[in-house]
Every structure is written in structure tokens, then in C-alpha cells.
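Novice: Hey, dropping my_file-v8.cif in here, mmCIF, C-alpha atoms:
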data_work
#
loop_
_atom_site.label_atom_id
_atom_site.label_comp_id
_atom_site.auth_asym_id
_atom_site.auth_seq_id
_atom_site.Cartn_x
_atom_site.Cartn_y
_atom_site.Cartn_z
CA MET A 1 -68.08 -76.55 16.73
CA SER A 2 -68.97 -74.32 13.78
CA LYS A 3 -69.82 -75.66 10.35
CA ARG A 4 -66.25 -75.35 9.18
CA THR A 5 -64.81 -78.53 10.59
CA SER A 6 -61.46 -78.95 8.90
CA GLY A 7 -58.23 -77.17 9.74
CA LEU A 8 -57.23 -76.55 6.20
CA LEU A 9 -56.03 -72.94 6.24
CA PRO A 10 -52.53 -72.65 4.81
CA GLN A 11 -49.89 -72.14 7.48
CA VAL A 12 -49.05 -68.56 6.49
CA THR A 13 -52.71 -67.57 6.25
CA PHE A 14 -53.46 -68.99 9.67
CA SER A 15 -50.35 -67.36 11.12
CA ILE A 16 -51.36 -63.92 9.86
CA LEU A 17 -54.95 -64.23 11.11
CA PHE A 18 -53.69 -65.49 14.45
CA ALA A 19 -51.16 -62.65 14.73
CA LEU A 20 -53.89 -60.10 14.06
CA SER A 21 -56.25 -61.57 16.64
CA LEU A 22 -54.84 -59.44 19.48
CA LYS A 23 -54.51 -56.06 17.80
CA PRO A 24 -53.98 -54.39 14.39
CA ARG A 25 -50.39 -54.61 13.16
CA HIS A 26 -48.25 -53.37 10.30
CA GLY A 27 -46.11 -55.59 8.10
CA TYR A 28 -43.00 -55.90 10.20
CA GLU A 29 -44.95 -56.29 13.44
CA LEU A 30 -46.87 -59.11 11.79
CA MET A 31 -43.63 -60.74 10.71
CA GLN A 32 -42.23 -60.54 14.25
CA GLN A 33 -45.41 -61.85 15.84
CA ILE A 34 -45.58 -64.78 13.42
CA GLU A 35 -41.99 -65.71 14.18
CA HIS A 36 -42.68 -65.45 17.90
CA ASP A 37 -45.90 -67.49 17.74
CA SER A 38 -44.25 -70.24 15.71
CA SER A 39 -41.04 -70.25 17.77
CA GLY A 40 -39.15 -69.17 14.67
CA LYS A 41 -40.46 -72.01 12.49
CA VAL A 42 -42.45 -69.71 10.18
CA GLN A 43 -40.18 -67.04 8.72
CA LEU A 44 -41.58 -64.85 5.99
CA GLY A 45 -39.96 -62.43 3.60
CA PRO A 46 -41.75 -59.25 2.48
CA GLY A 47 -42.86 -60.90 -0.79
CA ALA A 48 -44.58 -63.84 0.86
CA LEU A 49 -46.03 -61.63 3.59
CA TYR A 50 -47.61 -59.02 1.33
CA GLY A 51 -48.67 -61.64 -1.23
CA THR A 52 -50.70 -63.33 1.50
CA ILE A 53 -51.96 -60.01 2.86
CA LYS A 54 -53.24 -59.21 -0.63
CA GLN A 55 -55.08 -62.54 -0.81
CA LEU A 56 -56.58 -62.07 2.63
CA ARG A 57 -57.76 -58.57 1.78
CA GLU A 58 -59.35 -59.80 -1.43
CA ALA A 59 -61.10 -62.55 0.53
CA ASN A 60 -62.27 -59.88 2.98
CA LEU A 61 -60.63 -61.65 5.92
CA ILE A 62 -58.50 -58.66 6.89
CA GLU A 63 -58.67 -54.97 6.08
CA GLU A 64 -56.36 -52.02 6.01
CA MET A 65 -57.02 -49.50 8.73
CA PRO A 66 -57.77 -45.92 7.72
CA PHE A 67 -54.69 -43.70 7.78
CA GLU A 68 -54.38 -39.95 8.00
CA ASP A 69 -50.90 -39.35 6.70
CA GLU A 70 -50.52 -40.33 3.05
CA ASN A 71 -46.76 -40.39 3.50
CA GLU A 72 -46.93 -42.92 6.29
CA ARG A 73 -45.43 -46.04 4.78
CA ARG A 74 -46.57 -48.43 7.47
CA ARG A 75 -50.09 -49.59 6.90
CA TYR A 76 -51.94 -51.31 9.71
CA TYR A 77 -54.16 -54.32 9.12
CA ARG A 78 -56.91 -55.78 11.27
CA LEU A 79 -59.24 -58.77 11.17
CA THR A 80 -62.69 -58.38 9.68
CA ARG A 81 -65.69 -60.13 11.22
CA LYS A 82 -65.38 -62.82 8.55
CA GLY A 83 -61.68 -63.28 9.33
CA TRP A 84 -62.42 -63.49 13.04
CA ASN A 85 -65.07 -66.18 12.48
CA LEU A 86 -62.76 -68.18 10.25
CA LEU A 87 -59.94 -68.00 12.79
CA ASN A 88 -62.31 -69.13 15.54
CA ALA A 89 -63.50 -72.07 13.49
CA GLU A 90 -59.91 -73.03 12.78
CA LEU A 91 -58.93 -72.79 16.45
CA GLU A 92 -61.94 -74.89 17.46
CA TYR A 93 -60.79 -77.54 15.04
CA TYR A 94 -57.29 -77.49 16.51
CA GLU A 95 -58.68 -77.59 20.04
CA HIS A 96 -60.76 -80.63 19.13
CA THR A 97 -57.73 -82.31 17.57
CA VAL A 98 -55.54 -81.60 20.59
CA ARG A 99 -58.23 -82.95 22.94
CA LEU A 100 -58.42 -86.15 20.90
CA ALA A 101 -54.64 -86.44 20.91
CA GLN A 102 -54.59 -86.08 24.69
CA GLU A 103 -57.28 -88.73 25.09
CA ARG A 104 -55.19 -91.03 22.97
CA LYS A 105 -52.15 -90.20 25.08
CA LEU A 106 -50.34 -88.70 22.17
CA LEU A 107 -49.85 -85.40 24.01
CA GLY A 108 -49.54 -84.06 27.53
CA PRO A 109 -48.05 -85.63 30.67
CA ASN A 110 -48.77 -89.14 29.43
CA PHE A 111 -46.94 -88.54 26.19
CA GLY A 112 -45.13 -91.65 25.17
CA ALA A 113 -47.65 -94.01 26.70
CA ALA A 114 -49.04 -94.72 23.27
CA GLN A 115 -46.98 -97.03 21.14
CA TRP A 116 -46.20 -96.76 17.48
CA ILE A 117 -48.15 -99.49 15.74
CA ALA A 118 -46.32 -101.03 12.80
CA MET B 1 -40.58 -43.66 -0.03
CA ASP B 2 -37.87 -41.86 -1.97
CA SER B 3 -35.44 -42.10 0.93
CA LEU B 4 -35.94 -45.86 1.02
CA LYS B 5 -35.47 -46.03 -2.75
CA HIS B 6 -32.11 -44.35 -2.25
CA ARG B 7 -31.27 -46.65 0.60
CA PHE B 8 -32.14 -49.81 -1.36
CA PRO B 9 -31.67 -48.84 -5.01
CA ARG B 10 -31.31 -52.39 -6.32
CA TYR B 11 -34.21 -53.84 -4.37
CA SER B 12 -36.48 -50.95 -5.35
CA ARG B 13 -35.50 -51.43 -9.02
CA LEU B 14 -36.23 -55.15 -8.72
CA LEU B 15 -39.71 -54.34 -7.42
CA ALA B 16 -40.50 -53.34 -11.00
CA LEU B 17 -40.72 -57.07 -11.73
CA TYR B 18 -43.98 -57.27 -9.79
CA PRO B 19 -47.25 -56.47 -11.60
CA ALA B 20 -47.89 -52.71 -11.58
CA ASP B 21 -51.00 -52.84 -9.37
CA TYR B 22 -49.27 -54.96 -6.78
CA ARG B 23 -46.17 -52.77 -6.83
CA GLN B 24 -48.24 -49.65 -6.40
CA GLU B 25 -50.14 -51.06 -3.43
CA TYR B 26 -47.39 -52.94 -1.63
CA GLY B 27 -44.03 -51.78 -3.07
CA GLY B 28 -43.61 -48.99 -0.51
CA GLN B 29 -44.65 -51.26 2.34
CA MET B 30 -42.19 -53.93 1.21
CA LEU B 31 -39.38 -51.38 1.22
CA GLN B 32 -40.42 -50.21 4.68
CA THR B 33 -40.55 -53.77 5.97
CA LEU B 34 -37.09 -54.46 4.57
CA ALA B 35 -35.82 -51.31 6.32
CA ASP B 36 -37.46 -52.42 9.57
CA MET B 37 -35.85 -55.86 9.28
CA LEU B 38 -32.41 -54.38 8.70
CA ASP B 39 -32.81 -51.79 11.46
CA ASP B 40 -33.79 -54.43 13.99
CA PRO B 41 -30.68 -54.99 16.13
CA GLY B 42 -31.86 -58.52 16.86
CA ARG B 43 -31.40 -59.58 13.24
CA ARG B 44 -28.23 -60.32 11.32
CA LYS B 45 -28.07 -58.39 8.06
CA ALA B 46 -26.75 -61.42 6.17
CA GLY B 47 -29.74 -63.39 7.40
CA VAL B 48 -32.15 -60.71 6.22
CA TRP B 49 -30.61 -60.56 2.75
CA GLY B 50 -30.51 -64.34 2.59
CA ARG B 51 -34.22 -64.43 3.31
CA ILE B 52 -34.89 -61.73 0.72
CA THR B 53 -32.90 -63.69 -1.87
CA LEU B 54 -35.11 -66.72 -1.35
CA ASP B 55 -38.36 -64.82 -0.96
CA PHE B 56 -38.11 -62.35 -3.82
CA PRO B 57 -38.00 -64.58 -6.94
CA LEU B 58 -40.68 -66.93 -5.64
CA SER B 59 -43.06 -64.11 -4.79
CA VAL B 60 -42.46 -62.36 -8.12
CA ILE B 61 -43.28 -65.55 -10.00
CA LYS B 62 -46.34 -66.15 -7.85
CA GLN B 63 -47.68 -62.62 -8.30
CA GLN B 64 -47.04 -62.68 -12.04
CA LEU B 65 -48.88 -65.98 -12.35
CA ILE B 66 -51.79 -64.63 -10.33
CA TYR B 67 -51.81 -61.49 -12.44
CA SER B 68 -51.69 -63.48 -15.68
CA GLY B 69 -54.52 -65.70 -14.47
CA GLU B 70 -56.63 -62.68 -13.54
CA ALA B 71 -55.76 -60.92 -16.79
CA MET B 72 -56.68 -64.02 -18.77
CA GLY B 73 -59.97 -64.30 -16.94
CA ASN B 74 -60.98 -60.65 -16.91
CA THR B 75 -58.92 -58.36 -19.12
CA MET B 76 -57.81 -60.50 -22.05
CA PRO B 77 -60.11 -60.05 -25.06
CA GLY B 78 -62.28 -63.05 -25.94
CA TYR B 79 -61.03 -63.25 -29.52
CA ILE B 80 -57.42 -63.70 -28.35
CA LYS B 81 -58.41 -66.69 -26.23
CA ARG B 82 -60.82 -68.09 -28.82
CA ASN B 83 -58.36 -67.94 -31.71
CA ALA B 84 -55.53 -69.35 -29.62
CA ARG B 85 -57.76 -72.28 -28.62
CA LEU B 86 -58.72 -72.82 -32.25
CA GLY B 87 -55.05 -72.66 -33.23
CA ALA B 88 -54.20 -75.27 -30.62
CA TRP B 89 -56.77 -77.64 -32.14
CA LEU B 90 -55.40 -76.99 -35.63
CA VAL B 91 -51.76 -77.73 -34.80
CA ALA B 92 -52.63 -80.64 -32.53
CA PRO B 93 -52.56 -83.22 -35.41
CA PHE B 94 -48.96 -82.24 -36.20
CA PHE B 95 -47.81 -83.16 -32.70
CA ILE B 96 -50.15 -86.13 -32.31
CA PHE B 97 -48.98 -87.75 -35.55
CA LEU B 98 -45.32 -87.10 -34.75
CA ILE B 99 -45.65 -88.65 -31.31
CA PHE B 100 -47.67 -91.63 -32.57
CA ASP B 101 -45.17 -92.19 -35.36
CA ALA B 102 -42.29 -92.18 -32.90
CA VAL B 103 -44.10 -94.48 -30.45
CA MET B 104 -45.14 -96.88 -33.27
CA ARG B 105 -41.58 -96.94 -34.64
CA HIS B 106 -42.47 -95.15 -37.87
CA ARG B 107 -45.26 -97.54 -38.80
CA LEU B 108 -47.59 -94.59 -39.24
CA GLU B 109 -45.55 -93.63 -42.29
CA HIS B 110 -47.10 -96.54 -44.21
CA SER B 111 -50.65 -95.43 -43.41
CA TRP B 112 -52.97 -92.90 -45.05
CA VAL B 113 -51.66 -90.23 -42.66
CA TRP B 114 -48.44 -90.08 -44.69
CA HIS B 115 -50.12 -89.88 -48.09
CA THR B 116 -49.32 -86.66 -49.88
CA ARG B 117 -52.79 -85.12 -49.52
CA ALA B 118 -53.03 -85.92 -45.83
CA LEU B 119 -49.49 -84.65 -45.29
CA PHE B 120 -50.40 -81.47 -47.12
CA ILE B 121 -53.37 -80.95 -44.81
CA TRP B 122 -51.75 -81.53 -41.42
CA LEU B 123 -48.35 -80.14 -42.28
CA ILE B 124 -49.36 -77.05 -44.24
CA VAL B 125 -53.09 -76.27 -44.29
CA LEU B 126 -53.90 -76.70 -40.60
CA PRO B 127 -50.82 -74.87 -39.23
CA GLY B 128 -51.36 -72.25 -41.93
CA LEU B 129 -54.94 -71.67 -40.75
CA ALA B 130 -53.72 -71.50 -37.15
CA ALA B 131 -51.17 -68.88 -38.17
CA ILE B 132 -53.77 -66.83 -40.05
CA PHE B 133 -56.33 -66.90 -37.24
CA ASN B 134 -53.80 -65.89 -34.62
CA LEU B 135 -52.09 -63.25 -36.71
CA ALA B 136 -55.53 -61.79 -37.40
CA ALA B 137 -56.28 -61.77 -33.66
CA LEU B 138 -52.95 -60.05 -33.00
CA LEU B 139 -53.61 -57.41 -35.66
CA ARG B 140 -57.02 -56.72 -34.19
CA TRP B 141 -55.47 -56.55 -30.72
CA VAL B 142 -52.73 -54.13 -31.81
CA HIS B 143 -55.26 -51.92 -33.60
CA ALA B 144 -57.70 -51.81 -30.66
CA ARG B 145 -55.03 -51.40 -28.02
CA ARG B 146 -53.26 -48.61 -29.87
CA ARG B 147 -56.50 -46.68 -30.02
CA GLU B 148 -57.01 -47.17 -26.28
CA THR B 149 -53.52 -46.48 -25.00
CA HIS B 150 -51.87 -44.47 -27.82
CA SER B 151 -48.81 -46.71 -27.46
CA SER B 152 -46.56 -47.84 -30.29
CA ALA B 153 -47.48 -51.01 -32.17
CA TRP B 154 -44.30 -52.69 -30.95
CA LYS B 155 -45.06 -51.87 -27.32
CA VAL B 156 -48.57 -53.21 -27.66
CA LEU B 157 -47.40 -56.34 -29.44
CA THR B 158 -44.86 -57.09 -26.73
CA ASP B 159 -47.37 -56.66 -23.90
CA LEU B 160 -47.25 -60.40 -23.42
CA ARG B 161 -49.44 -60.44 -20.34
CA LEU B 162 -52.54 -59.85 -22.40
CA ASN B 163 -51.73 -61.37 -25.79
CA TRP B 164 -49.45 -64.32 -25.08
CA PRO B 165 -51.88 -67.07 -26.16
CA ALA B 166 -52.32 -65.63 -29.67
CA LEU B 167 -48.69 -64.58 -30.00
CA GLY B 168 -47.46 -67.96 -28.79
CA MET B 169 -49.77 -69.83 -31.13
CA ALA B 170 -48.78 -67.62 -34.09
CA VAL B 171 -45.08 -68.24 -33.41
CA LEU B 172 -45.69 -71.98 -33.01
CA SER B 173 -47.69 -72.38 -36.20
CA ILE B 174 -45.32 -70.21 -38.24
CA GLY B 175 -42.48 -72.25 -36.75
CA ILE B 176 -44.09 -75.45 -38.02
CA LEU B 177 -44.52 -73.95 -41.48
CA GLY B 178 -40.94 -72.69 -41.41
CA LEU B 179 -39.72 -76.14 -40.48
CA VAL B 180 -41.69 -77.73 -43.29
CA PHE B 181 -40.68 -75.24 -45.96
CA PHE B 182 -37.21 -74.11 -45.08
CA HIS B 183 -35.37 -76.60 -42.93
CA ASP B 184 -32.61 -78.32 -44.91
CA SER B 185 -33.37 -81.71 -43.47
CA VAL B 186 -36.95 -81.51 -44.66
CA HIS B 187 -36.06 -81.35 -48.32
CA CYS B 188 -33.27 -83.82 -48.04
CA VAL B 189 -33.21 -87.57 -48.36
CA THR B 190 -36.77 -88.74 -48.84
CA GLY B 191 -38.94 -85.71 -49.12
CA ASN B 192 -40.69 -86.91 -46.01
CA PRO B 193 -40.63 -83.84 -43.82
CA VAL B 194 -41.49 -85.49 -40.57
CA ARG B 195 -39.30 -88.55 -40.71
CA GLU B 196 -36.14 -86.50 -40.83
CA LEU B 197 -36.80 -85.09 -37.43
CA HIS B 198 -36.21 -88.58 -36.06
CA ASN B 199 -33.15 -89.38 -38.11
CA PRO B 200 -30.51 -86.72 -37.53
CA TYR B 201 -27.60 -88.93 -38.64
CA GLN B 202 -29.16 -89.69 -42.03
CA THR B 203 -30.12 -86.04 -42.41
CA TRP B 204 -26.60 -84.91 -41.65
CA GLN B 205 -25.14 -87.34 -44.20
CA CYS B 206 -27.60 -86.14 -46.82
CA ILE B 207 -26.81 -82.50 -46.20
CA GLU B 208 -23.08 -83.23 -46.44
CA GLN B 209 -23.60 -85.03 -49.75
CA ARG B 210 -25.57 -82.11 -51.12
CA GLN B 211 -22.80 -79.73 -50.19
#
Translate this structure into C-alpha cells?

Specialist:
Amino acid sequence: MSKRTSGLLPQVTFSILFALSLKPRHGYELMQQIEHDSSGKVQLGPGALYGTIKQLREANLIEEMPFEDENERRRYYRLTRKGWNLLNAELEYYEHTVRLAQERKLLGPNFGAAQWIA
Amino acid sequence: MDSLKHRFPRYSRLLALYPADYRQEYGGQMLQTLADMLDDPGRRKAGVWGRITLDFPLSVIKQQLIYSGEAMGNTMPGYIKRNARLGAWLVAPFFIFLIFDAVMRHRLEHSWVWHTRALFIWLIVLPGLAAIFNLAALLRWVHARRRETHSSAWKVLTDLRLNWPALGMAVLSIGILGLVFFHDSVHCVTGNPVRELHNPYQTWQCIEQRQ
């Protein structure tokens, strides 16, 4: 596992990085992908979406792709190397957590075998 | 972007509430995203507008706070921050003594803090100095800013994003002085300007008797 060992990225930040992991997307595509990935649990409005995009760009985790037409209103964003590494570290943390949860029978086919301890 | 401005005139006007830099960079994209949401046959329009209603005010507040924080850290002149901090220290005794007096059930009024000279210092001199320092900072700000931007003095003075600490402190300290010098209740009853703030019934009776 990389040095970053805690899954502490805010939900929206993680969702955007995760949605950009497959290909560059513009705002609405990002919104749709995030909704799809979260089974509709994470629903963003334009304000929250672009506010987070701004933060991620300032942190150099994503970047705007070059565009030819100035009048094109849709801007495409992609992960930077730094963003990719951060996403990987985050996913490794989740993978580790899920593996632990399975070992403790908190997930998977044996779900329910563990008892709530008062 | 003009066609979208015509399509969503209210939303595009509301975008003016975002900081200028943010609006310039993302305003067009936000309009486009809204259009995409509404044009998506899989979405109910009421749902989209409901989401916008929740999302918009929160994101405006968030962006304005971020902008103010950045402006305070980078753009706001040092003398505005310095004088506002100094002003805060100078008016602090006023609030500290009032709170202590209230908590100690007015026992502070029999201590040295309520002697005329001490009263004079923390009621008049210290807030007066706070007012002077912050008014001076505001004057300097207006002068410098007018030379930079060629805007009117009023416009510069009301650019709260960059001068709010000094303006706020000036209003607060002048407010304290105004309360001490001009409020009816202050001159009434005992001549104790602070006590009356805690005794509205007695103050009211006194004012009625004077009338």
C-alpha cells in the first residue's frame, strides 16, 4: 500500500476522481457518471460540482483539456498524474478495508455471521 | 453563452452572486450543465429545479467564503487587517466588562472598573482610538484604491470583500461611542451608562418621567 493510508477524501472529491479514471469528461457527463457509480446516492448540482472541480484544479489533481473552439461551452477535464496516484492510494485503502471486512464476515456470502456486540 | 442566458435569464442573473473570477471561469459551464440536465429526457424538470434551489445558495455562500478568505490572505492590505486587529483589542474591554458585570450580577459596578476615570477610558478613550485607527485605515484604503481603479469613493468604500474588517470595526466602535453619548437610557437614571443596558424597565420608567 502507498504511504497514504487513510481513506479521507471527501465523498464528492473521490467521486469526481473516480468518474474521471476511465476517460476525460465534461460537467454533465461527470454528474451522470457520479450518479451512476453511487447508485443515485451522490447527486450534485452545478454549484457543488464546479466548486469541487475548481478545488481539484487548484490542487493539481485534475486539469482542463485543451480546446480549439472558444465558443465551446463544454470543457473536458482529466486526471493529472498526481490525481491518478491519489485515487489509487484511496482505492487501495478501500480494498484493504473491504478485505478486512470480509475476513471478519461483515461482507460477502457470509454476511450476517458476525453478531452485533453490545 | 448568450442563447443560454436568454433561456435561463433568472439563473444567469443569479450567477452574478458568485465571485467574479469564479463566474468568469465556470458561469458558462454551469449554464451549459443546467441546460444538459433539463434536456435530458431521463430527468424530471421539477427535480432539476429542486436540486438547483438547494445547490445554488450553498455554493454561492461557500465560494464567497473561499473568496473572502483568499482575499484576506492575499489581496487585503496589511494595514486594514492590522488596524482592525488593534481595534478589536481596544473595544474588547467594553464587552469583557459588560459580560463580567452581567455574570457577577452587577458586582463589578462597585469595583475600580466603574470609577469615573476607568469608565472614561474603556467607554470613551479606547473605542475612540479604535474608531480613529480604523477610519484612518479606511481613508487610506479609499485613497489608494481610487488611484488604482478610478472608481468613486462610495464604490470603493462599499467593496466589502476587501475592507470589511476595518469598516466593521469602525462601525462597531462608533456604535459604542454613539451608545455612550446619545442613547437616552445612558443619560437617564444613574448616569451609569452600562448598567442601563441591563435594566430596560427602569430605563423606560426614567424616560417616561423625563418626558

Novice: Nearest residue to chain B out of A:Leu49, A:Leu91, A:Ile34, A:Met65, using all atoms listed in the file?

Specialist: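 Selected residue with least distance to chain B: A:Leu49.
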
Novice: At a cut-off of 10 Å, list the chain B residues touching chain A, using only C-alpha atoms, as a VMD selection string.

Specialist: chain B and resid 1 15 18 22 25 to 37 48 to 60 62 to 63

Novice: Could you tell me how far CA of Ile176 (chain B) sits from CA of Arg105 (chain B), in Å to one decimal place?

Specialist: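 Taking CA of Arg105 (chain B) and CA of Ile176 (chain B), their separation equals 21.9 Å.
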
Novice: Please evaluate the PyMOL selection byres ((chain B and resi 139-143) around 8) against the displayed coordinates and give the resulting residues as a PyMOL selection string.

Specialist: chain B and resi 80+135-138+144-147+153+156-157+163

Novice: Taking C-alpha atoms for each residue, export the selection above as a compact mmCIF listing (two decimals), in the frame of the given file.

Specialist:
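Listed below is the output, part-v2.txt:
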# COMPACT_ATOMS: atom_id res chain seq x y z
CA ILE B 80 -57.42 -63.70 -28.35
CA LEU B 135 -52.09 -63.25 -36.71
CA ALA B 136 -55.53 -61.79 -37.40
CA ALA B 137 -56.28 -61.77 -33.66
CA LEU B 138 -52.95 -60.05 -33.00
CA ALA B 144 -57.70 -51.81 -30.66
CA ARG B 145 -55.03 -51.40 -28.02
CA ARG B 146 -53.26 -48.61 -29.87
CA ARG B 147 -56.50 -46.68 -30.02
CA ALA B 153 -47.48 -51.01 -32.17
CA VAL B 156 -48.57 -53.21 -27.66
CA LEU B 157 -47.40 -56.34 -29.44
CA ASN B 163 -51.73 -61.37 -25.79

Novice: For the file shown, what are the residues hit by the PyMOL selection byres ((chain B and resi 171) around 12), laid out as a ChimeraX atom specification?

Specialist: /B:84,87-88,91,127-128,130-135,138,164-170,172-179

Novice: For a test of reading the model, state the distance in Å between CA of Arg7 (chain B) and CA of His36 (chain A), rounded to one decimal.

Specialist: 28.0 Å

Novice: One number please: CA of Arg78 (chain A) to CA of Leu4 (chain B), in Å, one decimal.

Specialist: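 Distance reported for this atom pair: 25.4 Å.
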
Novice: Between A:Arg104, A:Arg57, A:Arg99, A:Lys41, single out the one closest to Leu17 (chain A), counting all atoms listed in the file.

Specialist: A:Arg57

Novice: Considering all atoms listed in the file, return as a PyMOL selection string whatever protein or nucleic-acid residues lie within 10 Å of Asn60 (chain A), sequence-local ones (same chain, fewer than 6 positions apart) excluded.

Specialist: chain A and resi 54+79-83

Novice: Just the residues within 10 Å of Leu87 (chain A), please, counting all atoms listed in the file, with nothing from its chain fewer than 5 positions along; format it as JSON, numbers by chain.

Specialist: {"A": [7, 9, 13, 14, 15, 16, 17, 18, 21, 61, 79, 81, 82, 92, 93]}

Novice: With all atoms listed in the file as the counted atoms, please give the residues lying no more than 12 Å from region 116-118 of chain B, apart from itself and same-chain residues fewer than 3 positions off, as a list in words.

Specialist: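 Listed by chain and then number, they are Pro93, Phe94, Phe97, Glu109, His110, Ser111, Trp112, Val113, Ile121, Trp122, Leu123, Ile124, Val125, Leu126, Gly191, Asn192 and Pro193 of chain B.
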